[in-house]
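Here's the structure, in structure tokens; my notes come after.
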Amino acid sequence: MPREKSAGIILFRMENNEPHYLLLHYAPSEKGRKGHWGFTKGHVEKGETDEQAARRETAEETGIRELKILPGFKRSEKYFFKRVYGLKGKAREKAPWVFKLVIFFLAQTHIENVQLSHEHIGFVWLPYKEAHKKITFKNSKELLKRANDFVISKKGSANHQKDTERQGSNLQPSGQAGRQPKSL
């Protein structure tokens with residue numbers, strides 16, 4: 001069975017202290033279809049790391065180069081599809097099933113303007129609940145949920161860190177006051 005490997009980015013930007021996720025509308029592969037909504041992604045080229053491919057594909061598909069990949073988030077999506085692009089009749093029926101592995105990173109940007117590639121027919125920045133409804137495929141919905149949970153947990157950690165810095169250094173990471181050293 002043929003295999004393909006791709007890499008992509010779940011991209012978000014903060015708006016009114018809430019993450020908004022970029023969804024791309026992929027052009028339909030054939031007439032009469034609607035296309036689908038998802039994240040940036042594309043094939044990993046020879047000599048590229050997964051992260052390099054994800055960054056390159058995001059730049060090619062959206063024009064966005066200024067982004068920060070969040071350490072600690074790397075997820076995969078696996079699925080099968082029939083490679084039927086441009087095939088008709090018996091050739092279409094005999095098209096091979098392909099196993100696809102896509103590695104996703106999570107990244108933040110401050111760029112709002114998107115310059116779409118020819119592969120896409122639209123884009124939208126949406127808060128989590130709306131983005132979750134709009135995404136076409138179930139496995140991509142689960143990826144978005146995991147990404148959003150990660151963003152929210154990091155946002156909470158960042159706010160806790162700021163609170164700790166404001167309140168003094170005797171707070172422990174759990175938020176509990178630490179024991180003061182005894183004076184001699």
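Residues in the structure tokens are numbered from 1 in each chain, the chains being A, B, ... in the order shown, and ligands are numbered from 1 in the order shown.
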Nearby residues (only C-alpha atoms) at most 7 Å from stretch 113-130 of chain A, same-chain spacing under 5 positions excluded, as a list of chain:residue names:
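Final neighbour list, sorted by chain and number: A:Pro19, A:His20, A:Tyr21, A:Leu22, A:Leu23, A:Leu24, A:His25, A:Tyr26, A:Ala27, A:Glu60, A:Glu61, A:Thr62, A:Gly63, A:Ile64, A:Asn148.
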Can you write out the residues you just picked, keeping C-alpha atoms, as a tab-separated table (two decimals), in the first residue's frame?
```tsv
chain	number	residue	atom	x	y	z
A	19	PRO	CA	-7.54	32.13	20.58
A	20	HIS	CA	-8.89	32.30	17.03
A	21	TYR	CA	-7.89	29.42	14.76
A	22	LEU	CA	-7.15	29.64	11.06
A	23	LEU	CA	-9.18	27.28	8.90
A	24	LEU	CA	-8.59	26.93	5.18
A	25	HIS	CA	-11.26	25.94	2.68
A	26	TYR	CA	-9.66	23.36	0.41
A	27	ALA	CA	-10.86	23.44	-3.17
A	60	GLU	CA	3.06	28.74	0.81
A	61	GLU	CA	-0.63	28.29	1.62
A	62	THR	CA	-1.23	31.45	3.69
A	63	GLY	CA	1.69	33.83	3.17
A	64	ILE	CA	2.27	33.74	6.96
A	148	ASN	CA	-7.29	24.38	22.22
```
Apply DSSP to the structure's backbone, then extract all residues of stretch 6-184 of chain A labelled alpha helix (DSSP H) and return them as JSON, numbers by chain.
{"A": [50, 51, 52, 53, 54, 55, 56, 57, 58, 59, 60, 61, 62, 89, 90, 91, 92, 93, 128, 129, 130, 131, 132, 133, 134, 138, 139, 140, 141, 142, 143, 144, 145, 146, 147, 148, 149, 150, 151, 152, 153, 154, 155, 156, 157, 158, 159, 160, 161, 162, 163, 164, 165, 166, 167]}
Which stretch 97-136 of chain A residues have any atom within 7 Å of an atom of stretch 7-16 of chain A, and for each, what is the nearest pair of atoms with distance in Å to one decimal, counting only C-alpha atoms, rows sorted by chain and number, as CSV?
```
residue,atom,partner,partner_atom,distance
A:Val102,CA,A:Ala7,CA,5.1
A:Ile103,CA,A:Ala7,CA,4.6
A:Phe104,CA,A:Gly8,CA,4.8
A:Phe105,CA,A:Ile9,CA,4.8
A:Leu106,CA,A:Ile10,CA,4.8
A:Ala107,CA,A:Leu11,CA,5.0
A:Gln108,CA,A:Phe12,CA,5.0
A:Thr109,CA,A:Arg13,CA,5.2
A:His110,CA,A:Arg13,CA,5.6
```
Test item, strand (DSSP E or B) assignment across stretch 4-180 of chain A, answer as a PyMOL selection string:
chain A and resi 4-15+18-26+36-38+40-43+68-82+97-108+120-127+171+177
Shortest interatomic distance to A:Asp50 - which of A:His36, A:Ser6, A:Lys138, A:Arg65, counting only C-alpha atoms
A:Ser6
Determine, counting only C-alpha atoms, which protein, DNA and RNA residues have an atom within 7 Å of an atom of A:Tyr79; residues of the same chain fewer than 2 positions away are not included. Present the result as a JSON list (two decimals) with C-alpha atoms, in the first residue's frame.
```json
[["chain", "number", "residue", "atom", "x", "y", "z"],
["A", 77, "GLU", "CA", -3.43, 12.37, 12.15],
["A", 81, "PHE", "CA", -7.77, 7.83, 1.04],
["A", 99, "PHE", "CA", -2.06, 5.48, 4.00],
["A", 100, "LYS", "CA", -1.53, 9.11, 5.05],
["A", 101, "LEU", "CA", 0.34, 10.30, 8.15]]
```
Between A:Val98, A:Tyr85, A:Glu93, A:Lys74, which is the closest to A:Arg146 once you count only C-alpha atoms?
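Checking each candidate against A:Arg146, we get A:Lys74 as the closest.
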